[in-house]
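Quick look at start-v9.csv (CSV, C-alpha atoms):
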chain,number,residue,atom,x,y,z
A,1,GLY,CA,22.2,-14.6,-12.1
A,2,ALA,CA,23.1,-13.8,-8.6
A,3,VAL,CA,22.4,-16.7,-6.2
A,4,VAL,CA,22.0,-16.8,-2.4
A,5,SER,CA,22.3,-20.1,-0.8
A,6,GLN,CA,20.7,-20.7,2.6
A,7,HIS,CA,21.3,-23.7,4.8
A,8,PRO,CA,19.8,-25.8,6.3
A,9,SER,CA,16.5,-25.9,4.5
A,10,TRP,CA,14.9,-27.3,7.6
A,11,VAL,CA,16.0,-28.1,11.1
A,12,ILE,CA,14.4,-29.6,14.2
A,13,CYS,CA,16.0,-28.9,17.5
A,14,LYS,CA,15.3,-29.4,21.2
A,15,SER,CA,14.1,-26.5,23.4
A,16,GLY,CA,17.0,-24.8,25.0
A,17,THR,CA,19.5,-25.5,22.3
A,18,SER,CA,21.0,-23.1,19.7
A,19,VAL,CA,20.6,-23.3,15.9
A,20,LYS,CA,22.8,-21.6,13.3
A,21,ILE,CA,21.4,-20.7,9.9
A,22,GLU,CA,23.8,-19.7,7.1
A,23,CYS,CA,23.3,-17.4,4.2
A,24,ARG,CA,25.9,-17.3,1.4
A,25,SER,CA,26.1,-15.2,-1.7
A,26,LEU,CA,27.6,-17.6,-4.2
A,27,ASP,CA,28.7,-15.4,-7.1
A,28,PHE,CA,28.7,-11.8,-5.7
A,29,GLN,CA,29.9,-10.0,-2.7
A,30,ALA,CA,27.2,-8.8,-0.3
A,31,THR,CA,28.2,-6.1,2.2
A,32,THR,CA,24.6,-6.1,3.4
A,33,MET,CA,22.2,-9.0,4.0
A,34,PHE,CA,18.8,-9.0,5.4
A,35,TRP,CA,17.1,-11.5,7.7
A,36,TYR,CA,13.3,-12.1,7.7
A,37,ARG,CA,11.0,-14.2,9.7
A,38,GLN,CA,7.7,-15.4,8.4
A,39,PHE,CA,4.6,-14.6,10.4
A,40,PRO,CA,1.0,-15.9,10.1
A,41,LYS,CA,-0.6,-15.0,6.8
A,42,GLN,CA,2.9,-15.4,5.3
A,43,SER,CA,4.1,-11.8,5.6
A,44,LEU,CA,7.8,-11.6,6.2
A,45,MET,CA,9.0,-9.4,9.0
A,46,LEU,CA,12.4,-7.8,8.7
A,47,MET,CA,14.3,-8.9,11.7
A,48,ALA,CA,17.7,-7.3,11.1
A,49,THR,CA,20.1,-5.9,8.5
A,50,SER,CA,23.5,-7.7,8.6
A,51,ASN,CA,26.5,-5.5,7.8
A,52,GLU,CA,29.9,-7.0,6.9
A,53,GLY,CA,32.5,-6.2,9.4
A,54,SER,CA,30.2,-4.4,11.8
A,55,LYS,CA,27.3,-5.0,14.1
A,56,ALA,CA,23.9,-5.9,12.7
A,57,THR,CA,21.0,-3.4,12.8
A,58,TYR,CA,18.0,-4.9,14.6
A,59,GLU,CA,14.4,-3.9,14.0
A,60,GLN,CA,12.4,-2.8,17.0
A,61,GLY,CA,11.1,-5.7,19.1
A,62,VAL,CA,13.8,-8.2,17.9
A,63,GLU,CA,16.0,-9.5,20.7
A,64,LYS,CA,19.6,-9.1,19.6
A,65,ASP,CA,20.8,-11.4,22.3
A,66,LYS,CA,18.5,-14.1,21.1
A,67,PHE,CA,19.0,-13.8,17.4
A,68,LEU,CA,22.8,-13.4,17.0
A,69,ILE,CA,23.9,-12.2,13.6
A,70,ASN,CA,27.4,-12.5,12.3
A,71,HIS,CA,28.6,-11.2,8.9
A,72,ALA,CA,32.3,-12.0,9.0
A,73,SER,CA,32.9,-12.1,5.3
A,74,LEU,CA,31.5,-10.5,2.2
A,75,THR,CA,29.8,-13.8,1.2
A,76,LEU,CA,28.5,-15.2,4.5
A,77,SER,CA,26.0,-14.1,7.1
A,78,THR,CA,24.8,-16.3,9.9
A,79,LEU,CA,21.8,-16.1,12.1
A,80,THR,CA,22.0,-18.1,15.4
A,81,VAL,CA,18.8,-18.6,17.4
A,82,THR,CA,20.1,-19.1,20.9
A,83,SER,CA,18.3,-21.0,23.6
A,84,ALA,CA,15.5,-21.8,21.2
A,85,HIS,CA,11.9,-22.2,22.4
A,86,PRO,CA,8.8,-23.5,20.6
A,87,GLU,CA,7.7,-19.9,19.9
A,88,ASP,CA,10.8,-19.4,17.8
A,89,SER,CA,9.5,-22.1,15.4
A,90,SER,CA,9.1,-20.3,12.1
A,91,PHE,CA,10.4,-19.8,8.6
A,92,TYR,CA,13.5,-17.7,8.3
A,93,ILE,CA,14.8,-16.3,5.1
A,94,CYS,CA,17.7,-14.1,4.1
A,95,SER,CA,18.3,-11.8,1.1
A,96,ALA,CA,21.0,-9.7,-0.4
A,97,SER,CA,21.1,-7.0,-3.1
A,98,PRO,CA,23.8,-7.7,-5.7
A,99,GLY,CA,25.0,-4.5,-7.2
A,100,GLY,CA,22.3,-2.5,-5.4
A,101,TYR,CA,19.6,-3.3,-7.9
A,102,GLY,CA,17.0,-5.9,-7.1
A,103,TYR,CA,17.2,-8.5,-4.4
A,104,THR,CA,18.1,-12.2,-4.3
A,105,PHE,CA,16.6,-14.4,-1.6
A,106,GLY,CA,17.7,-17.6,-0.1
A,107,SER,CA,15.1,-20.4,-0.2
A,108,GLY,CA,14.4,-20.2,3.5
A,109,THR,CA,14.9,-22.3,6.6
A,110,ARG,CA,12.0,-24.0,8.4
A,111,LEU,CA,12.9,-24.2,12.1
A,112,THR,CA,10.9,-26.4,14.4
A,113,VAL,CA,11.7,-26.3,18.1
A,114,VAL,CA,10.4,-29.3,20.1
B,1,GLY,CA,17.4,-23.4,-7.6
B,2,GLU,CA,14.3,-22.2,-9.4
B,3,ASP,CA,14.4,-19.2,-11.5
B,4,VAL,CA,11.9,-16.4,-11.0
B,5,GLU,CA,12.3,-13.3,-13.0
B,6,GLN,CA,10.9,-9.8,-12.9
B,7,SER,CA,11.7,-6.4,-14.4
B,8,LEU,CA,13.5,-4.2,-12.0
B,9,PHE,CA,11.6,-0.9,-12.6
B,10,LEU,CA,8.1,0.3,-13.5
B,11,SER,CA,6.8,3.9,-13.6
B,12,VAL,CA,3.1,4.8,-14.0
B,13,ARG,CA,1.0,7.9,-13.6
B,14,GLU,CA,-1.4,8.2,-10.7
B,15,GLY,CA,-4.8,6.9,-11.6
B,16,ASP,CA,-3.5,4.6,-14.3
B,17,SER,CA,-3.3,0.8,-14.0
B,18,SER,CA,0.0,-0.9,-13.1
B,19,VAL,CA,0.9,-4.3,-14.4
B,20,ILE,CA,3.8,-6.1,-12.8
B,21,ASN,CA,5.0,-9.2,-14.6
B,22,CYS,CA,6.8,-12.3,-13.3
B,23,THR,CA,8.0,-15.5,-15.0
B,24,TYR,CA,9.0,-18.7,-13.3
B,25,THR,CA,10.5,-22.0,-14.4
B,26,ASP,CA,9.1,-24.7,-12.1
B,27,SER,CA,5.8,-26.0,-13.5
B,28,SER,CA,5.2,-27.9,-10.3
B,29,SER,CA,4.7,-24.8,-8.3
B,30,THR,CA,1.7,-25.0,-6.1
B,31,TYR,CA,1.5,-21.5,-4.7
B,32,LEU,CA,2.4,-18.2,-6.3
B,33,TYR,CA,2.5,-15.0,-4.2
B,34,TRP,CA,2.8,-11.3,-4.5
B,35,TYR,CA,4.5,-9.3,-1.8
B,36,LYS,CA,4.8,-5.6,-1.3
B,37,GLN,CA,7.9,-4.0,0.4
B,38,GLU,CA,7.8,-0.4,1.5
B,39,PRO,CA,11.1,1.4,2.4
B,40,GLY,CA,12.7,-0.1,5.6
B,41,ALA,CA,9.9,-2.6,6.1
B,42,GLY,CA,9.4,-6.3,5.7
B,43,LEU,CA,7.5,-8.0,2.9
B,44,GLN,CA,3.7,-7.7,3.2
B,45,LEU,CA,1.8,-10.5,1.6
B,46,LEU,CA,-0.7,-8.9,-0.8
B,47,THR,CA,-2.3,-11.9,-2.4
B,48,TYR,CA,-1.6,-15.4,-3.6
B,49,ILE,CA,-3.0,-17.8,-6.1
B,50,PHE,CA,-3.1,-21.6,-6.2
B,51,SER,CA,-1.7,-23.1,-9.4
B,52,ASN,CA,-5.1,-24.5,-10.3
B,53,MET,CA,-6.5,-21.0,-10.7
B,54,ASP,CA,-6.3,-18.6,-13.6
B,55,MET,CA,-7.3,-15.4,-12.0
B,56,LYS,CA,-7.9,-13.9,-8.6
B,57,GLN,CA,-9.3,-10.5,-7.9
B,58,ASP,CA,-9.1,-8.7,-4.6
B,59,GLN,CA,-10.3,-5.1,-4.6
B,60,ARG,CA,-7.8,-3.1,-6.8
B,61,LEU,CA,-5.6,-6.1,-7.3
B,62,THR,CA,-6.0,-8.7,-10.0
B,63,VAL,CA,-3.7,-11.7,-10.4
B,64,LEU,CA,-3.5,-13.5,-13.7
B,65,LEU,CA,-1.8,-16.9,-14.0
B,66,ASN,CA,-0.8,-18.4,-17.4
B,67,LYS,CA,0.4,-21.8,-16.5
B,68,LYS,CA,1.3,-22.7,-20.1
B,69,ASP,CA,3.7,-19.8,-20.3
B,70,LYS,CA,4.6,-19.9,-16.6
B,71,HIS,CA,3.7,-16.2,-16.4
B,72,LEU,CA,2.2,-14.4,-13.4
B,73,SER,CA,1.0,-10.8,-13.4
B,74,LEU,CA,-0.3,-8.4,-10.8
B,75,ARG,CA,-2.5,-5.6,-12.0
B,76,ILE,CA,-3.1,-2.6,-9.7
B,77,ALA,CA,-6.1,-0.6,-10.8
B,78,ASP,CA,-6.3,3.2,-10.1
B,79,THR,CA,-2.7,3.3,-8.9
B,80,GLN,CA,-2.0,5.7,-6.1
B,81,THR,CA,1.2,7.3,-4.8
B,82,GLY,CA,0.9,5.0,-1.7
B,83,ASP,CA,1.4,2.1,-4.1
B,84,SER,CA,4.9,3.1,-4.7
B,85,ALA,CA,7.0,0.2,-3.3
B,86,ILE,CA,8.9,-2.9,-4.4
B,87,TYR,CA,6.8,-5.8,-5.4
B,88,PHE,CA,8.1,-9.3,-5.2
B,89,CYS,CA,6.6,-12.4,-6.8
B,90,ALA,CA,7.4,-15.8,-5.3
B,91,GLU,CA,6.7,-19.4,-5.9
B,92,SER,CA,6.5,-22.3,-3.6
B,93,ILE,CA,6.0,-26.0,-4.2
B,94,THR,CA,5.6,-27.4,-0.7
B,95,GLY,CA,5.1,-24.2,1.3
B,96,ASN,CA,8.4,-24.8,3.0
B,97,GLN,CA,10.7,-23.4,0.4
B,98,PHE,CA,10.2,-20.2,-1.4
B,99,TYR,CA,11.8,-18.8,-4.6
B,100,PHE,CA,11.6,-15.0,-5.0
B,101,GLY,CA,12.0,-12.8,-7.9
B,102,THR,CA,14.4,-9.8,-7.7
B,103,GLY,CA,11.6,-7.4,-7.1
B,104,THR,CA,10.0,-4.6,-9.3
B,105,SER,CA,10.4,-1.1,-8.0
B,106,LEU,CA,7.1,0.7,-8.8
B,107,THR,CA,7.2,4.5,-8.9
B,108,VAL,CA,3.9,6.3,-9.1
B,109,ILE,CA,4.1,9.7,-10.7
B,110,PRO,CA,1.6,12.3,-9.4

Reformat the file's structure so that it appears as C-alpha coordinates.
Amino acid sequence: GAVVSQHPSWVICKSGTSVKIECRSLDFQATTMFWYRQFPKQSLMLMATSNEGSKATYEQGVEKDKFLINHASLTLSTLTVTSAHPEDSSFYICSASPGGYGYTFGSGTRLTVV
Amino acid sequence: GEDVEQSLFLSVREGDSSVINCTYTDSSSTYLYWYKQEPGAGLQLLTYIFSNMDMKQDQRLTVLLNKKDKHLSLRIADTQTGDSAIYFCAESITGNQFYFGTGTSLTVIP
(Lines of atoms letter the chains of each structure in order from A and count residues from 1; the text may use other names and numbers.)
(Lines give C-alpha, C1' and ligand atoms only; values in the text may rest on other atoms or scores of the structure.)
Protein backbone atom coordinates (compact mmCIF):
# COMPACT_ATOMS: atom_id res chain seq x y z
CA GLY A 1 0.00 0.00 0.00
CA ALA A 2 0.87 3.66 -0.15
CA VAL A 3 3.59 4.65 2.29
CA VAL A 4 4.60 8.02 3.67
CA SER A 5 7.99 8.18 5.32
CA GLN A 6 8.68 10.91 7.86
CA HIS A 7 12.11 11.80 9.23
CA PRO A 8 13.44 12.22 11.77
CA SER A 9 11.30 10.29 14.25
CA TRP A 10 12.55 12.46 17.07
CA VAL A 11 14.85 15.41 17.39
CA ILE A 12 16.22 17.52 20.22
CA CYS A 13 17.48 20.97 19.40
CA LYS A 14 18.66 24.08 21.19
CA SER A 15 16.44 27.11 21.50
CA GLY A 16 17.02 29.51 18.60
CA THR A 17 18.07 26.89 16.08
CA SER A 18 16.06 25.61 13.12
CA VAL A 19 14.86 22.07 12.53
CA LYS A 20 13.78 20.49 9.27
CA ILE A 21 11.28 17.63 9.10
CA GLU A 22 10.89 15.65 5.89
CA CYS A 23 7.83 13.89 4.59
CA ARG A 24 8.24 11.59 1.59
CA SER A 25 5.70 9.61 -0.37
CA LEU A 26 7.56 6.42 -1.24
CA ASP A 27 5.42 4.80 -3.90
CA PHE A 28 3.06 7.46 -5.14
CA GLN A 29 3.07 11.07 -6.17
CA ALA A 30 1.51 13.55 -3.81
CA THR A 31 0.62 16.96 -5.17
CA THR A 32 -0.81 17.81 -1.77
CA MET A 33 0.47 16.97 1.68
CA PHE A 34 -0.85 18.01 5.05
CA TRP A 35 1.04 18.99 8.19
CA TYR A 36 -0.42 18.53 11.65
CA ARG A 37 0.70 19.36 15.16
CA GLN A 38 -0.44 17.41 18.18
CA PHE A 39 -1.99 19.33 21.02
CA PRO A 40 -2.91 18.29 24.57
CA LYS A 41 -5.48 15.50 24.69
CA GLN A 42 -3.83 14.27 21.51
CA SER A 43 -5.98 16.01 18.93
CA LEU A 44 -4.05 16.88 15.79
CA MET A 45 -4.37 20.44 14.59
CA LEU A 46 -4.06 21.03 10.87
CA MET A 47 -1.23 23.52 10.42
CA ALA A 48 -0.98 23.82 6.66
CA THR A 49 -1.63 22.23 3.32
CA SER A 50 1.48 21.82 1.23
CA ASN A 51 1.05 22.15 -2.53
CA GLU A 52 3.70 20.95 -4.98
CA GLY A 53 5.18 23.81 -6.92
CA SER A 54 3.27 26.54 -5.14
CA LYS A 55 2.95 28.21 -1.77
CA ALA A 56 1.53 26.32 1.16
CA THR A 57 -1.85 27.23 2.56
CA TYR A 58 -1.63 27.96 6.27
CA GLU A 59 -4.44 27.63 8.76
CA GLN A 60 -5.48 30.61 10.81
CA GLY A 61 -3.13 31.28 13.70
CA VAL A 62 -0.15 29.40 12.22
CA GLU A 63 2.88 31.62 11.65
CA LYS A 64 4.05 31.04 8.09
CA ASP A 65 7.43 32.66 8.77
CA LYS A 66 8.05 30.34 11.66
CA PHE A 67 6.86 27.13 10.07
CA LEU A 68 8.34 27.12 6.58
CA ILE A 69 6.91 24.57 4.20
CA ASN A 70 8.54 23.57 0.95
CA HIS A 71 7.01 21.10 -1.50
CA ALA A 72 9.54 21.14 -4.31
CA SER A 73 8.79 17.74 -5.78
CA LEU A 74 5.86 15.37 -6.06
CA THR A 75 7.31 13.08 -3.41
CA LEU A 76 8.80 15.42 -0.83
CA SER A 77 7.45 18.09 1.48
CA THR A 78 9.52 19.64 4.25
CA LEU A 79 8.53 21.56 7.36
CA THR A 80 11.20 23.78 8.88
CA VAL A 81 10.65 25.12 12.37
CA THR A 82 12.72 28.30 12.42
CA SER A 83 14.21 29.83 15.55
CA ALA A 84 12.65 27.09 17.62
CA HIS A 85 11.56 27.79 21.18
CA PRO A 86 10.48 25.42 23.94
CA GLU A 87 6.81 26.15 23.20
CA ASP A 88 7.35 24.65 19.74
CA SER A 89 8.06 21.30 21.37
CA SER A 90 5.38 18.99 20.10
CA PHE A 91 4.59 16.05 17.88
CA TYR A 92 4.40 16.87 14.17
CA ILE A 93 2.88 14.54 11.60
CA CYS A 94 2.31 14.70 7.85
CA SER A 95 -0.15 12.96 5.60
CA ALA A 96 -0.97 12.62 1.92
CA SER A 97 -3.84 11.24 -0.07
CA PRO A 98 -2.77 8.79 -2.76
CA GLY A 99 -5.23 8.78 -5.58
CA GLY A 100 -7.62 11.04 -3.72
CA TYR A 101 -9.13 8.25 -1.62
CA GLY A 102 -8.10 7.70 1.92
CA TYR A 103 -5.08 9.17 3.66
CA THR A 104 -1.63 7.89 4.46
CA PHE A 105 0.20 9.29 7.46
CA GLY A 106 3.85 9.48 8.37
CA SER A 107 4.72 8.05 11.76
CA GLY A 108 5.39 11.48 13.22
CA THR A 109 8.29 13.53 14.58
CA ARG A 110 8.71 14.30 18.27
CA LEU A 111 10.43 17.70 18.55
CA THR A 112 11.93 18.76 21.86
CA VAL A 113 13.45 22.24 22.12
CA VAL A 114 15.75 22.79 25.08
CA GLY B 1 5.96 0.30 9.24
CA GLU B 2 2.92 -1.10 10.91
CA ASP B 3 -0.18 -1.83 8.87
CA VAL B 4 -3.50 -0.36 9.98
CA GLU B 5 -6.44 -0.98 7.68
CA GLN B 6 -9.92 0.47 7.40
CA SER B 7 -12.68 0.42 4.84
CA LEU B 8 -12.81 3.68 2.91
CA PHE B 9 -16.55 4.33 2.94
CA LEU B 10 -19.61 3.69 5.11
CA SER B 11 -23.18 4.95 4.70
CA VAL B 12 -25.88 4.70 7.35
CA ARG B 13 -29.34 6.13 7.87
CA GLU B 14 -29.89 8.75 10.51
CA GLY B 15 -30.85 7.13 13.79
CA ASP B 16 -29.17 3.82 12.99
CA SER B 17 -25.95 2.64 14.57
CA SER B 18 -22.66 2.98 12.70
CA VAL B 19 -19.86 0.50 13.13
CA ILE B 20 -16.45 1.45 11.81
CA ASN B 21 -13.86 -1.32 11.77
CA CYS B 22 -10.09 -1.29 11.90
CA THR B 23 -7.44 -4.01 11.86
CA TYR B 24 -3.83 -3.64 12.88
CA THR B 25 -0.77 -5.83 12.73
CA ASP B 26 1.38 -4.94 15.72
CA SER B 27 0.36 -7.00 18.74
CA SER B 28 2.57 -4.88 21.00
CA SER B 29 0.42 -1.78 20.48
CA THR B 30 -0.20 -0.06 23.78
CA TYR B 31 -2.70 2.59 22.78
CA LEU B 32 -5.43 2.50 20.16
CA TYR B 33 -7.24 5.66 19.13
CA TRP B 34 -10.21 6.89 17.17
CA TYR B 35 -10.08 10.33 15.57
CA LYS B 36 -12.76 12.32 13.74
CA GLN B 37 -11.93 14.71 10.91
CA GLU B 38 -14.53 17.13 9.64
CA PRO B 39 -13.99 18.91 6.30
CA GLY B 40 -11.05 21.32 6.39
CA ALA B 41 -10.27 20.58 10.02
CA GLY B 42 -7.66 18.70 11.99
CA LEU B 43 -8.11 15.34 13.64
CA GLN B 44 -10.16 15.48 16.82
CA LEU B 45 -9.46 12.73 19.32
CA LEU B 46 -12.76 10.98 20.03
CA THR B 47 -11.65 8.24 22.32
CA TYR B 48 -8.85 5.83 23.02
CA ILE B 49 -8.41 2.47 24.61
CA PHE B 50 -5.47 0.82 26.30
CA SER B 51 -4.52 -2.58 24.98
CA ASN B 52 -5.38 -4.23 28.30
CA MET B 53 -9.05 -3.27 27.88
CA ASP B 54 -11.73 -5.00 25.83
CA MET B 55 -14.34 -2.28 25.74
CA LYS B 56 -14.79 1.36 26.47
CA GLN B 57 -18.03 3.30 26.34
CA ASP B 58 -18.38 7.06 26.22
CA GLN B 59 -21.91 8.35 25.68
CA ARG B 60 -22.88 7.34 22.11
CA LEU B 61 -19.47 5.84 21.38
CA THR B 62 -18.47 2.27 22.13
CA VAL B 63 -15.01 0.95 21.35
CA LEU B 64 -14.45 -2.79 21.16
CA LEU B 65 -11.00 -4.33 21.07
CA ASN B 66 -10.35 -7.92 20.06
CA LYS B 67 -6.68 -8.42 20.75
CA LYS B 68 -6.62 -11.96 19.44
CA ASP B 69 -7.83 -10.88 16.02
CA LYS B 70 -6.16 -7.43 16.25
CA HIS B 71 -9.49 -5.83 15.48
CA LEU B 72 -10.77 -2.51 16.76
CA SER B 73 -14.23 -1.12 16.18
CA LEU B 74 -16.05 2.11 16.88
CA ARG B 75 -19.81 1.99 17.27
CA ILE B 76 -21.78 5.22 17.11
CA ALA B 77 -25.28 4.83 18.47
CA ASP B 78 -28.18 6.88 17.10
CA THR B 79 -26.03 8.30 14.29
CA GLN B 80 -26.78 11.91 13.41
CA THR B 81 -26.02 13.98 10.31
CA GLY B 82 -23.38 15.81 12.33
CA ASP B 83 -21.51 12.55 12.64
CA SER B 84 -20.72 12.64 8.92
CA ALA B 85 -16.93 12.89 8.77
CA ILE B 86 -13.81 10.83 8.21
CA TYR B 87 -12.87 8.54 11.08
CA PHE B 88 -9.30 7.40 11.59
CA CYS B 89 -8.06 4.65 13.82
CA ALA B 90 -4.47 4.76 14.99
CA GLU B 91 -2.16 2.67 17.08
CA SER B 92 0.85 3.60 19.09
CA ILE B 93 3.34 1.51 21.00
CA THR B 94 5.33 4.14 22.83
CA GLY B 95 3.13 7.20 22.42
CA ASN B 96 5.86 8.74 20.31
CA GLN B 97 5.09 7.10 17.00
CA PHE B 98 1.66 6.73 15.53
CA TYR B 99 0.36 4.51 12.77
CA PHE B 100 -2.88 5.61 11.19
CA GLY B 101 -5.43 3.84 9.06
CA THR B 102 -6.48 5.38 5.76
CA GLY B 103 -9.70 6.75 7.24
CA THR B 104 -13.35 5.74 6.80
CA SER B 105 -15.63 8.34 5.28
CA LEU B 106 -18.98 8.09 7.09
CA THR B 107 -22.02 9.47 5.30
CA VAL B 108 -25.23 9.79 7.28
CA ILE B 109 -28.36 9.77 5.16
CA PRO B 110 -31.26 11.81 6.56

Computed interatomic separation between CA of Leu74 (chain A) and CA of Glu52 (chain A) (Å): 6.1 Å

Neighbour list for Leu46 (chain A) as a CSV table (one decimal) with C-alpha atoms, in the coordinates of the input, cut-off 8 Å, only C-alpha atoms, skip fewer than 2 positions in-chain:
chain,number,residue,atom,x,y,z
A,34,PHE,CA,18.8,-9.0,5.4
A,35,TRP,CA,17.1,-11.5,7.7
A,36,TYR,CA,13.3,-12.1,7.7
A,37,ARG,CA,11.0,-14.2,9.7
A,44,LEU,CA,7.8,-11.6,6.2
A,48,ALA,CA,17.7,-7.3,11.1
A,49,THR,CA,20.1,-5.9,8.5
A,59,GLU,CA,14.4,-3.9,14.0
B,41,ALA,CA,9.9,-2.6,6.1
B,42,GLY,CA,9.4,-6.3,5.7
B,43,LEU,CA,7.5,-8.0,2.9

Would you tabulate, counting all atoms listed in the file, all residues of chain A that have an atom at most 8 Å from an atom of chain B, showing the closest pair of atoms and their distance in Å to one decimal, sorted by chain then ascending number, as a Markdown table?
| residue | atom | partner | partner_atom | distance |
| --- | --- | --- | --- | --- |
| A:Ser9 | CA | B:Gln97 | CA | 7.5 |
| A:Tyr36 | CA | B:Gly42 | CA | 7.3 |
| A:Lys41 | CA | B:Leu45 | CA | 7.3 |
| A:Gln42 | CA | B:Leu45 | CA | 6.2 |
| A:Ser43 | CA | B:Gln44 | CA | 4.8 |
| A:Leu44 | CA | B:Leu43 | CA | 4.9 |
| A:Met45 | CA | B:Gly42 | CA | 4.5 |
| A:Leu46 | CA | B:Gly42 | CA | 4.5 |
| A:Phe91 | CA | B:Asn96 | CA | 7.8 |
| A:Tyr101 | CA | B:Leu8 | CA | 7.4 |
| A:Gly102 | CA | B:Thr102 | CA | 4.7 |
| A:Tyr103 | CA | B:Thr102 | CA | 4.5 |
| A:Thr104 | CA | B:Thr102 | CA | 5.6 |
| A:Phe105 | CA | B:Phe100 | CA | 6.1 |
| A:Gly106 | CA | B:Tyr99 | CA | 7.5 |
| A:Ser107 | CA | B:Phe98 | CA | 5.0 |
| A:Gly108 | CA | B:Gln97 | CA | 5.8 |
| A:Thr109 | CA | B:Gln97 | CA | 7.6 |
| A:Arg110 | CA | B:Asn96 | CA | 6.5 |

Just the selected residues (C-alpha atoms), exported as a PDB file, in the coordinates of the input, please.
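For reference, again11.pdb as written:
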ATOM      1  CA  SER A   9      16.500 -25.900   4.500  1.00  0.00           C
ATOM      2  CA  TYR A  36      13.300 -12.100   7.700  1.00  0.00           C
ATOM      3  CA  LYS A  41      -0.600 -15.000   6.800  1.00  0.00           C
ATOM      4  CA  GLN A  42       2.900 -15.400   5.300  1.00  0.00           C
ATOM      5  CA  SER A  43       4.100 -11.800   5.600  1.00  0.00           C
ATOM      6  CA  LEU A  44       7.800 -11.600   6.200  1.00  0.00           C
ATOM      7  CA  MET A  45       9.000  -9.400   9.000  1.00  0.00           C
ATOM      8  CA  LEU A  46      12.400  -7.800   8.700  1.00  0.00           C
ATOM      9  CA  PHE A  91      10.400 -19.800   8.600  1.00  0.00           C
ATOM     10  CA  TYR A 101      19.600  -3.300  -7.900  1.00  0.00           C
ATOM     11  CA  GLY A 102      17.000  -5.900  -7.100  1.00  0.00           C
ATOM     12  CA  TYR A 103      17.200  -8.500  -4.400  1.00  0.00           C
ATOM     13  CA  THR A 104      18.100 -12.200  -4.300  1.00  0.00           C
ATOM     14  CA  PHE A 105      16.600 -14.400  -1.600  1.00  0.00           C
ATOM     15  CA  GLY A 106      17.700 -17.600  -0.100  1.00  0.00           C
ATOM     16  CA  SER A 107      15.100 -20.400  -0.200  1.00  0.00           C
ATOM     17  CA  GLY A 108      14.400 -20.200   3.500  1.00  0.00           C
ATOM     18  CA  THR A 109      14.900 -22.300   6.600  1.00  0.00           C
ATOM     19  CA  ARG A 110      12.000 -24.000   8.400  1.00  0.00           C
TER      20      ARG A 110
END

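Across B:Ser84, B:Ser11, B:Thr23, B:Ser17, the tightest approach to Asn66 (chain B) is made by B:Thr23 when counting only C-alpha atoms.
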
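Across the model, the gap from CA of Tyr31 (chain B) to CA of Val4 (chain A) is 21.2 Å.
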
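The space separating CA of Ile21 (chain A) from CA of Asp88 (chain A) comes to 13.3 Å.
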
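Checking B:Ser51, B:Ile20, B:Ile93, B:Arg13 one by one against Ile76 (chain B), counting only C-alpha atoms, you find the shortest gap at B:Ile20.
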
Any idea what's packed within 6 Å of Leu76 (chain A), counting all atoms listed in the file, ignoring anything in its chain fewer than 5 positions away? Could you give it as a tab-separated table (two decimals) with C-alpha atoms, in the coordinates of the input?
chain	number	residue	atom	x	y	z
A	23	CYS	CA	23.30	-17.40	4.20
A	24	ARG	CA	25.90	-17.30	1.40
A	71	HIS	CA	28.60	-11.20	8.90

Protein and nucleic acid residues near (-0.1, -21.1, -14.3) (cut-off 12 Å, all atoms listed in the file) as a PyMOL selection string: chain B and resi 22-32+49-55+63-73+91

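Nearest to Val114 (chain A) of all the residues A:Ile69, A:Ala2, A:Leu79, A:Ile12 is A:Ile12, counting only C-alpha atoms.
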
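Close contacts of Lys20 (chain A), defined as residues with an atom at most 7 Å away when counting all atoms listed in the file, with chain neighbours fewer than 2 positions off set aside, comprise Ser18, Glu22, Thr78, Leu79, Thr80 and Val81 of chain A.
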
Residues near Gly16 (chain A), cut-off 7 Å, only C-alpha atoms, skip fewer than 3 positions along chain, as a list in words: Ser83, Ala84 and His85 of chain A

Neighbour list for Cys13 (chain A) as an NGL selection string, cut-off 8 Å, only C-alpha atoms, skip fewer than 6 positions in-chain: :A and (19 or 111-114)
